[in-house]
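Novice: Here you go, this is query_23.pdb (PDB, C-alpha atoms).
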```pdb
MODEL        1
ATOM      1  CA  MET V   1     -55.933 141.598  98.534
ATOM      2  CA  ASN V   2     -56.164 143.467 101.807
ATOM      3  CA  ASN V   3     -55.731 142.296 105.411
ATOM      4  CA  ASP V   4     -59.402 141.344 105.722
ATOM      5  CA  ASP V   5     -59.037 139.201 102.619
ATOM      6  CA  LYS V   6     -56.041 137.430 104.125
ATOM      7  CA  ARG V   7     -57.902 136.760 107.378
ATOM      8  CA  LEU V   8     -61.076 135.569 105.663
ATOM      9  CA  LEU V   9     -59.216 133.334 103.203
ATOM     10  CA  ARG V  10     -57.449 131.792 106.207
ATOM     11  CA  ILE V  11     -60.859 130.850 107.650
ATOM     12  CA  ALA V  12     -61.724 129.199 104.324
ATOM     13  CA  TYR V  13     -58.433 127.297 104.517
ATOM     14  CA  ASP V  14     -59.174 126.217 108.101
ATOM     15  CA  GLU V  15     -62.537 124.858 106.885
ATOM     16  CA  ALA V  16     -60.710 122.970 104.131
ATOM     17  CA  LYS V  17     -58.281 121.558 106.683
ATOM     18  CA  SER V  18     -61.168 120.406 108.888
ATOM     19  CA  GLY V  19     -62.649 118.678 105.846
ATOM     20  CA  PHE V  20     -59.349 116.945 105.203
ATOM     21  CA  ASP V  21     -59.186 115.761 108.817
ATOM     22  CA  GLU V  22     -62.722 114.345 108.453
ATOM     23  CA  GLY V  23     -61.693 112.338 105.378
ATOM     24  CA  GLY V  24     -63.589 114.611 102.999
ATOM     25  CA  CYS V  25     -62.684 116.797 100.048
ATOM     26  CA  PRO V  26     -60.639 119.620 101.604
ATOM     27  CA  ILE V  27     -62.255 122.692 100.132
ATOM     28  CA  GLY V  28     -63.530 125.464 102.355
ATOM     29  CA  SER V  29     -65.363 128.712 101.812
ATOM     30  CA  VAL V  30     -66.484 131.882 103.549
ATOM     31  CA  LEU V  31     -69.203 134.337 102.594
ATOM     32  CA  ALA V  32     -68.355 137.756 103.989
ATOM     33  CA  ARG V  33     -69.997 141.141 104.038
ATOM     34  CA  GLY V  34     -67.134 143.584 104.230
ATOM     35  CA  SER V  35     -64.901 142.381 107.051
ATOM     36  CA  GLU V  36     -67.613 140.243 108.703
ATOM     37  CA  VAL V  37     -68.195 136.555 108.200
ATOM     38  CA  VAL V  38     -71.772 135.817 107.116
ATOM     39  CA  SER V  39     -71.210 132.074 106.983
ATOM     40  CA  GLN V  40     -68.495 129.504 106.489
ATOM     41  CA  GLY V  41     -68.611 125.975 105.168
ATOM     42  CA  ARG V  42     -66.782 123.110 103.561
ATOM     43  CA  ASN V  43     -67.309 120.358 101.043
ATOM     44  CA  GLN V  44     -69.736 117.775 102.463
ATOM     45  CA  ARG V  45     -69.619 115.037  99.803
ATOM     46  CA  VAL V  46     -68.203 112.441 102.165
ATOM     47  CA  GLN V  47     -69.505 113.767 105.464
ATOM     48  CA  LYS V  48     -73.146 114.119 104.351
ATOM     49  CA  GLY V  49     -73.185 112.152 101.106
ATOM     50  CA  ASP V  50     -74.200 115.394  99.441
ATOM     51  CA  PRO V  51     -72.846 115.924  95.915
ATOM     52  CA  ILE V  52     -74.028 119.535  95.612
ATOM     53  CA  ALA V  53     -72.356 120.610  98.863
ATOM     54  CA  HIS V  54     -69.100 121.927  97.487
ATOM     55  CA  GLY V  55     -67.422 124.312  99.906
ATOM     56  CA  GLU V  56     -68.934 127.410  98.332
ATOM     57  CA  MET V  57     -72.426 125.883  98.236
ATOM     58  CA  ASP V  58     -72.195 124.785 101.867
ATOM     59  CA  ALA V  59     -71.283 128.323 102.921
ATOM     60  CA  LEU V  60     -74.119 129.801 100.848
ATOM     61  CA  ARG V  61     -76.603 127.303 102.289
ATOM     62  CA  LYS V  62     -75.526 128.159 105.821
ATOM     63  CA  ALA V  63     -75.940 131.871 105.086
ATOM     64  CA  GLY V  64     -79.642 131.229 104.634
ATOM     65  CA  ARG V  65     -81.902 133.676 102.845
ATOM     66  CA  GLN V  66     -80.105 136.944 102.110
ATOM     67  CA  LYS V  67     -81.777 140.083 100.788
ATOM     68  CA  THR V  68     -78.816 140.749  98.555
ATOM     69  CA  TYR V  69     -75.343 139.457  97.796
ATOM     70  CA  SER V  70     -74.274 142.668  96.059
ATOM     71  CA  ASP V  71     -72.157 143.713  99.056
ATOM     72  CA  THR V  72     -70.517 140.344  99.676
ATOM     73  CA  THR V  73     -67.269 138.560  98.818
ATOM     74  CA  LEU V  74     -67.007 134.791  98.495
ATOM     75  CA  TYR V  75     -63.710 133.254  99.623
ATOM     76  CA  THR V  76     -62.843 129.763  98.516
ATOM     77  CA  SER V  77     -59.711 127.720  99.075
ATOM     78  CA  LEU V  78     -59.928 126.292  95.518
ATOM     79  CA  SER V  79     -61.044 127.788  92.211
ATOM     80  CA  PRO V  80     -64.820 127.320  91.738
ATOM     81  CA  CYS V  81     -66.207 124.608  89.482
ATOM     82  CA  MET V  82     -68.965 125.350  86.981
ATOM     83  CA  MET V  83     -71.713 124.648  89.551
ATOM     84  CA  CYS V  84     -70.235 127.125  91.983
ATOM     85  CA  SER V  85     -69.389 129.623  89.224
ATOM     86  CA  GLY V  86     -72.977 129.511  87.965
ATOM     87  CA  THR V  87     -74.163 130.062  91.527
ATOM     88  CA  ILE V  88     -71.879 133.068  92.015
ATOM     89  CA  ILE V  89     -73.366 134.605  88.859
ATOM     90  CA  GLN V  90     -76.951 133.658  89.702
ATOM     91  CA  PHE V  91     -76.700 135.086  93.207
ATOM     92  CA  GLY V  92     -75.033 138.275  91.994
ATOM     93  CA  ILE V  93     -71.913 137.897  94.134
ATOM     94  CA  PRO V  94     -69.598 140.600  92.758
ATOM     95  CA  ARG V  95     -66.226 139.505  94.155
ATOM     96  CA  VAL V  96     -64.479 136.163  94.607
ATOM     97  CA  VAL V  97     -61.139 135.523  96.308
ATOM     98  CA  ILE V  98     -59.643 132.188  95.244
ATOM     99  CA  GLY V  99     -57.042 130.488  97.407
ATOM    100  CA  GLU V 100     -55.500 128.643  94.497
ATOM    101  CA  ASN V 101     -56.093 127.501  90.939
ATOM    102  CA  LYS V 102     -53.046 125.273  90.464
ATOM    103  CA  ASN V 103     -54.893 122.056  91.331
ATOM    104  CA  PHE V 104     -58.214 122.983  89.691
ATOM    105  CA  GLY V 105     -59.475 125.917  87.715
ATOM    106  CA  GLY V 106     -60.691 127.077  84.375
ATOM    107  CA  ASN V 107     -63.790 129.123  85.154
ATOM    108  CA  GLU V 108     -62.065 132.337  86.157
ATOM    109  CA  GLU V 109     -62.528 133.989  82.758
ATOM    110  CA  PHE V 110     -66.181 132.909  82.632
ATOM    111  CA  LEU V 111     -66.730 134.668  85.952
ATOM    112  CA  ARG V 112     -64.896 137.775  84.767
ATOM    113  CA  SER V 113     -66.929 137.816  81.548
ATOM    114  CA  LYS V 114     -70.030 138.122  83.749
ATOM    115  CA  GLY V 115     -68.584 141.080  85.644
ATOM    116  CA  VAL V 116     -67.266 139.254  88.708
ATOM    117  CA  GLU V 117     -64.019 140.554  90.226
ATOM    118  CA  VAL V 118     -61.754 137.521  90.602
ATOM    119  CA  ILE V 119     -58.652 137.559  92.786
ATOM    120  CA  ILE V 120     -56.360 134.538  92.596
ATOM    121  CA  VAL V 121     -54.009 134.258  95.541
ATOM    122  CA  ASN V 122     -52.233 130.942  94.935
ATOM    123  CA  ASP V 123     -51.632 130.584  98.637
ATOM    124  CA  PRO V 124     -48.954 127.926  99.345
ATOM    125  CA  GLU V 125     -50.928 126.272 102.154
ATOM    126  CA  CYS V 126     -54.054 125.971  99.981
ATOM    127  CA  ILE V 127     -52.000 124.457  97.155
ATOM    128  CA  ALA V 128     -50.202 122.004  99.457
ATOM    129  CA  LEU V 129     -53.378 120.767 101.169
ATOM    130  CA  MET V 130     -55.195 120.143  97.901
ATOM    131  CA  SER V 131     -52.143 118.479  96.332
ATOM    132  CA  LYS V 132     -51.859 116.139  99.299
ATOM    133  CA  PHE V 133     -55.544 115.216  99.018
ATOM    134  CA  ILE V 134     -55.356 114.545  95.275
ATOM    135  CA  ASP V 135     -52.286 112.359  95.806
ATOM    136  CA  GLU V 136     -53.908 110.391  98.627
ATOM    137  CA  LYS V 137     -57.482 110.068  97.290
ATOM    138  CA  PRO V 138     -57.506 110.432  93.508
ATOM    139  CA  GLU V 139     -60.800 108.510  93.131
ATOM    140  CA  LEU V 140     -62.653 110.732  95.564
ATOM    141  CA  TRP V 141     -61.320 113.809  93.834
ATOM    142  CA  ALA V 142     -62.363 112.445  90.427
ATOM    143  CA  GLU V 143     -65.863 111.827  91.789
ATOM    144  CA  ASP V 144     -66.104 115.347  93.174
ATOM    145  CA  ILE V 145     -65.327 116.908  89.812
ATOM    146  CA  ALA V 146     -67.416 114.294  87.945
ATOM    147  CA  GLU V 147     -64.537 112.792  86.015
TER
ATOM    148  CA  MET B   1     -90.380 113.717  74.156
ATOM    149  CA  ASN B   2     -91.503 110.143  74.733
ATOM    150  CA  ASN B   3     -94.040 108.631  77.148
ATOM    151  CA  ASP B   4     -91.427 108.224  79.890
ATOM    152  CA  ASP B   5     -90.594 111.895  79.539
ATOM    153  CA  LYS B   6     -94.261 112.828  79.935
ATOM    154  CA  ARG B   7     -94.612 110.653  83.029
ATOM    155  CA  LEU B   8     -91.398 111.902  84.626
ATOM    156  CA  LEU B   9     -92.141 115.558  83.893
ATOM    157  CA  ARG B  10     -95.519 115.027  85.555
ATOM    158  CA  ILE B  11     -93.717 113.914  88.726
ATOM    159  CA  ALA B  12     -91.656 117.099  88.574
ATOM    160  CA  TYR B  13     -94.910 119.078  88.217
ATOM    161  CA  ASP B  14     -96.421 117.252  91.198
ATOM    162  CA  GLU B  15     -93.359 118.220  93.254
ATOM    163  CA  ALA B  16     -93.848 121.825  92.145
ATOM    164  CA  LYS B  17     -97.516 121.673  93.146
ATOM    165  CA  SER B  18     -96.566 120.305  96.578
ATOM    166  CA  GLY B  19     -94.171 123.219  96.950
ATOM    167  CA  PHE B  20     -96.921 125.653  96.046
ATOM    168  CA  ASP B  21     -99.231 124.086  98.638
ATOM    169  CA  GLU B  22     -96.479 124.464 101.254
ATOM    170  CA  GLY B  23     -96.156 128.187 100.504
ATOM    171  CA  GLY B  24     -92.855 127.760  98.724
ATOM    172  CA  CYS B  25     -91.511 128.435  95.256
ATOM    173  CA  PRO B  26     -93.351 125.900  93.075
ATOM    174  CA  ILE B  27     -90.526 124.362  91.092
ATOM    175  CA  GLY B  28     -90.007 120.620  91.036
ATOM    176  CA  SER B  29     -87.461 118.283  89.532
ATOM    177  CA  VAL B  30     -86.718 114.631  88.875
ATOM    178  CA  LEU B  31     -83.408 112.939  88.155
ATOM    179  CA  ALA B  32     -84.049 109.805  86.108
ATOM    180  CA  ARG B  33     -81.923 107.015  84.738
ATOM    181  CA  GLY B  34     -83.790 105.831  81.673
ATOM    182  CA  SER B  35     -87.395 105.308  82.759
ATOM    183  CA  GLU B  36     -86.540 105.057  86.479
ATOM    184  CA  VAL B  37     -86.666 107.831  89.026
ATOM    185  CA  VAL B  38     -83.358 108.239  90.846
ATOM    186  CA  SER B  39     -84.627 111.087  93.009
ATOM    187  CA  GLN B  40     -87.181 113.849  93.050
ATOM    188  CA  GLY B  41     -87.226 117.183  94.818
ATOM    189  CA  ARG B  42     -88.551 120.701  94.949
ATOM    190  CA  ASN B  43     -87.420 124.197  95.780
ATOM    191  CA  GLN B  44     -86.798 124.479  99.553
ATOM    192  CA  ARG B  45     -86.119 128.204  99.947
ATOM    193  CA  VAL B  46     -89.134 128.773 102.176
ATOM    194  CA  GLN B  47     -89.485 125.297 103.682
ATOM    195  CA  LYS B  48     -85.853 124.967 104.783
ATOM    196  CA  GLY B  49     -84.588 128.535 104.456
ATOM    197  CA  ASP B  50     -82.119 127.141 101.931
ATOM    198  CA  PRO B  51     -81.248 129.466  99.040
ATOM    199  CA  ILE B  52     -79.275 126.861  97.074
ATOM    200  CA  ALA B  53     -82.105 124.311  97.140
ATOM    201  CA  HIS B  54     -83.728 125.074  93.828
ATOM    202  CA  GLY B  55     -85.817 122.170  92.589
ATOM    203  CA  GLU B  56     -83.033 120.697  90.479
ATOM    204  CA  MET B  57     -80.474 121.030  93.278
ATOM    205  CA  ASP B  58     -82.825 119.408  95.786
ATOM    206  CA  ALA B  59     -83.296 116.426  93.469
ATOM    207  CA  LEU B  60     -79.532 116.138  92.901
ATOM    208  CA  ARG B  61     -78.847 116.335  96.627
ATOM    209  CA  LYS B  62     -81.383 113.608  97.310
ATOM    210  CA  ALA B  63     -79.795 111.405  94.638
ATOM    211  CA  GLY B  64     -76.668 111.280  96.806
ATOM    212  CA  ARG B  65     -73.322 110.258  95.396
ATOM    213  CA  GLN B  66     -73.620 108.890  91.867
ATOM    214  CA  LYS B  67     -70.830 107.203  89.956
ATOM    215  CA  THR B  68     -71.916 108.941  86.783
ATOM    216  CA  TYR B  69     -74.653 111.146  85.429
ATOM    217  CA  SER B  70     -73.889 110.330  81.814
ATOM    218  CA  ASP B  71     -76.952 108.078  81.557
ATOM    219  CA  THR B  72     -79.404 110.405  83.276
ATOM    220  CA  THR B  73     -82.009 112.979  82.322
ATOM    221  CA  LEU B  74     -82.946 115.897  84.562
ATOM    222  CA  TYR B  75     -86.592 116.984  84.455
ATOM    223  CA  THR B  76     -87.548 120.378  85.789
ATOM    224  CA  SER B  77     -90.876 122.152  85.803
ATOM    225  CA  LEU B  78     -89.165 125.500  85.046
ATOM    226  CA  SER B  79     -86.173 126.417  82.912
ATOM    227  CA  PRO B  80     -82.949 126.190  84.965
ATOM    228  CA  CYS B  81     -81.265 129.285  86.352
ATOM    229  CA  MET B  82     -77.515 129.822  86.005
ATOM    230  CA  MET B  83     -76.785 127.934  89.248
ATOM    231  CA  CYS B  84     -78.689 124.890  88.067
ATOM    232  CA  SER B  85     -77.347 125.199  84.512
ATOM    233  CA  GLY B  86     -73.786 125.311  85.821
ATOM    234  CA  THR B  87     -74.546 122.239  87.912
ATOM    235  CA  ILE B  88     -75.957 120.333  84.925
ATOM    236  CA  ILE B  89     -72.727 121.042  83.044
ATOM    237  CA  GLN B  90     -70.460 120.296  86.014
ATOM    238  CA  PHE B  91     -72.181 116.985  86.725
ATOM    239  CA  GLY B  92     -72.164 115.974  83.057
ATOM    240  CA  ILE B  93     -75.923 115.515  82.783
ATOM    241  CA  PRO B  94     -76.452 115.105  79.041
ATOM    242  CA  ARG B  95     -80.206 115.718  78.721
ATOM    243  CA  VAL B  96     -82.648 118.157  80.295
ATOM    244  CA  VAL B  97     -86.423 118.232  79.862
ATOM    245  CA  ILE B  98     -87.864 121.636  80.768
ATOM    246  CA  GLY B  99     -91.537 121.981  81.662
ATOM    247  CA  GLU B 100     -91.694 125.595  80.591
ATOM    248  CA  ASN B 101     -89.607 128.658  79.846
ATOM    249  CA  LYS B 102     -92.381 131.245  79.504
ATOM    250  CA  ASN B 103     -92.069 132.477  83.105
ATOM    251  CA  PHE B 104     -88.293 132.145  83.361
ATOM    252  CA  GLY B 105     -85.535 131.137  81.027
ATOM    253  CA  GLY B 106     -82.516 132.299  79.152
ATOM    254  CA  ASN B 107     -79.905 129.614  79.817
ATOM    255  CA  GLU B 108     -81.089 127.079  77.239
ATOM    256  CA  GLU B 109     -78.533 128.132  74.619
ATOM    257  CA  PHE B 110     -75.743 128.106  77.211
ATOM    258  CA  LEU B 111     -76.620 124.505  78.017
ATOM    259  CA  ARG B 112     -76.759 123.583  74.335
ATOM    260  CA  SER B 113     -73.396 125.248  73.730
ATOM    261  CA  LYS B 114     -71.947 122.826  76.282
ATOM    262  CA  GLY B 115     -73.428 119.813  74.505
ATOM    263  CA  VAL B 116     -76.544 119.318  76.631
ATOM    264  CA  GLU B 117     -79.692 118.144  74.827
ATOM    265  CA  VAL B 118     -82.458 120.543  75.889
ATOM    266  CA  ILE B 119     -86.133 119.769  75.361
ATOM    267  CA  ILE B 120     -88.605 122.561  76.094
ATOM    268  CA  VAL B 121     -92.152 121.315  76.573
ATOM    269  CA  ASN B 122     -94.055 124.452  77.557
ATOM    270  CA  ASP B 123     -96.602 122.348  79.399
ATOM    271  CA  PRO B 124     -99.777 124.362  80.148
ATOM    272  CA  GLU B 125    -100.019 123.153  83.752
ATOM    273  CA  CYS B 126     -96.405 124.096  84.488
ATOM    274  CA  ILE B 127     -96.949 127.538  82.968
ATOM    275  CA  ALA B 128    -100.201 128.132  84.863
ATOM    276  CA  LEU B 129     -98.793 127.088  88.256
ATOM    277  CA  MET B 130     -95.738 129.303  87.939
ATOM    278  CA  SER B 131     -97.795 132.241  86.649
ATOM    279  CA  LYS B 132    -100.124 131.947  89.614
ATOM    280  CA  PHE B 133     -97.179 131.918  92.024
ATOM    281  CA  ILE B 134     -95.531 134.961  90.452
ATOM    282  CA  ASP B 135     -98.809 136.855  90.582
ATOM    283  CA  GLU B 136     -99.428 135.951  94.217
ATOM    284  CA  LYS B 137     -95.879 136.219  95.624
ATOM    285  CA  PRO B 138     -93.796 138.520  93.439
ATOM    286  CA  GLU B 139     -91.370 139.355  96.281
ATOM    287  CA  LEU B 140     -90.602 135.718  97.011
ATOM    288  CA  TRP B 141     -90.053 135.041  93.337
ATOM    289  CA  ALA B 142     -87.732 138.055  93.031
ATOM    290  CA  GLU B 143     -85.746 136.745  96.004
ATOM    291  CA  ASP B 144     -85.440 133.285  94.469
ATOM    292  CA  ILE B 145     -83.954 134.669  91.263
ATOM    293  CA  ALA B 146     -81.873 137.245  93.186
ATOM    294  CA  GLU B 147     -83.544 140.289  91.686
TER
ENDMDL
END
```
Please express the file's structure as structure tokens.
Specialist:
Amino acid sequence: MNNDDKRLLRIAYDEAKSGFDEGGCPIGSVLARGSEVVSQGRNQRVQKGDPIAHGEMDALRKAGRQKTYSDTTLYTSLSPCMMCSGTIIQFGIPRVVIGENKNFGGNEEFLRSKGVEVIIVNDPECIALMSKFIDEKPELWAEDIAE
Amino acid sequence: MNNDDKRLLRIAYDEAKSGFDEGGCPIGSVLARGSEVVSQGRNQRVQKGDPIAHGEMDALRKAGRQKTYSDTTLYTSLSPCMMCSGTIIQFGIPRVVIGENKNFGGNEEFLRSKGVEVIIVNDPECIALMSKFIDEKPELWAEDIAE
């Protein structure tokens, strides 16, 4: 993880924090090309009633049509679910920086098996925010991961 | 495949045809609970500039927040890509009816390995519509499957 990674993951965290403050699932994401933000987003389940808008998906939607993703990195405050992991593979995103996988994870090896570089930071702020959310709204969290 | 399946797949085809007429990627989808349509949608890459809105994803978005997907079937005019396959698994959709996998496919066994019942119809109308699109707009199709 380099300094750009730290800065871009912090933007993903700030998106997650905004989602928390809105009463939503606090998971944020950034799509970057090198050091530049292409788009940033956050989980919109509560805010828009949209079950497919996980943080990563919201960022990818906001990026619009891209000619290629082969030169991009996806930052996410929380380890990607199977929807988001499948999307990373489908879109050909070669590198993913994950804020934390203590509160949710399990698809990291699947991503690696498809050639994706996966960096797991386990950032204390990302862990604390997600832990707080799961403690406060366990039913919403269960809904978001379809449990 | 029963009569409900035939009727519901036809709605997915009609969505695909509407997408074709709009100049988009002609792939349509229906989420059904038993014989009832929960939602229907179609690929919105061109219409909304939205790269995550494959037909299946558009239908799932339009369905809004669901308590469970365990009693649903997802119909799609074309075999699901890895994004949509990951979503089917993440959401716990137990049954998928695929209009055709002649023009695109490859994730059927992945779905089955995760316990999803996969029915491949290879409906002539679905095949013909998709073939026509790929012939007419190969660049748009390549973009939609990130090639």
Novice: Pull out every residue that the PyMOL selection byres ((chain B) within 8 of (chain V)) matches in the shown coordinates and put them as a list of chain:residue names.
Specialist: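 On the file shown, the PyMOL selection byres ((chain B) within 8 of (chain V)) covers B:Arg45, B:Gly49, B:Asp50, B:Pro51, B:Ile52, B:Met57, B:Leu60, B:Arg61, B:Lys62, B:Gly64, B:Arg65, B:Lys67, B:Thr68, B:Cys81, B:Met82, B:Met83, B:Cys84, B:Ser85, B:Gly86, B:Thr87, B:Ile88, B:Ile89, B:Gln90, B:Phe91, B:Gly92, B:Glu143, B:Ile145, B:Ala146.
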Novice: The PyMOL selection byres ((chain V and resi 117-121) around 8) on the file shown: which residues, as a PyMOL selection string?
Specialist: chain V and resi 1+94-101+108+111-112+115-116+122-123
Novice: Do you know which residues are at most 10 Å from Glu22 in chain B counting only C-alpha atoms, after dropping those on the same chain fewer than 6 positions away, and could you put them as a short mmCIF file (atom, residue, chain, number, x, y, z; two decimals) with C-alpha atoms, keeping the file's coordinate frame?
Specialist:
```
data_model
loop_
_atom_site.label_atom_id
_atom_site.label_comp_id
_atom_site.auth_asym_id
_atom_site.auth_seq_id
_atom_site.Cartn_x
_atom_site.Cartn_y
_atom_site.Cartn_z
CA ALA B 16 -93.85 121.82 92.14
CA GLN B 44 -86.80 124.48 99.55
CA VAL B 46 -89.13 128.77 102.18
CA GLN B 47 -89.48 125.30 103.68
#
```
Novice: Care to translate the PyMOL selection byres ((chain V and resi 17) around 12) into actual residues of this file, as an NGL selection string?
Specialist: :V and (10-16 or 18-29 or 41-43 or 55 or 77 or 125-130 or 132-133)
Novice: Expressed in Å to a single decimal, how great is the separation between CA of Val37 in chain V and CA of Asp4 in chain V?
Specialist: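 Calculated distance between CA of Val37 in chain V and CA of Asp4 in chain V is 10.3 Å.
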Novice: Measure the distance from CA of Ser131 in chain V to CA of Ile93 in chain V in Å and round it to one decimal.
Specialist: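 Distance between the two atoms: 27.8 Å.
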Novice: Each side padded by 3 Å, which centre and which edge lengths in Å (one decimal) define the axis-aligned box around the listed atoms of range 88-91 of chain V? Give them as JSON.
Specialist:
```
{"center_x": -74.4, "center_y": 134.1, "center_z": 91.0, "size_x": 11.1, "size_y": 8.0, "size_z": 10.3}
```
Novice: Taking all C-alpha atoms matched one to one in order, superimpose chain B on chain V and note the resulting RMSD in Å.
Specialist: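 It comes to 0.0 Å after superposition.
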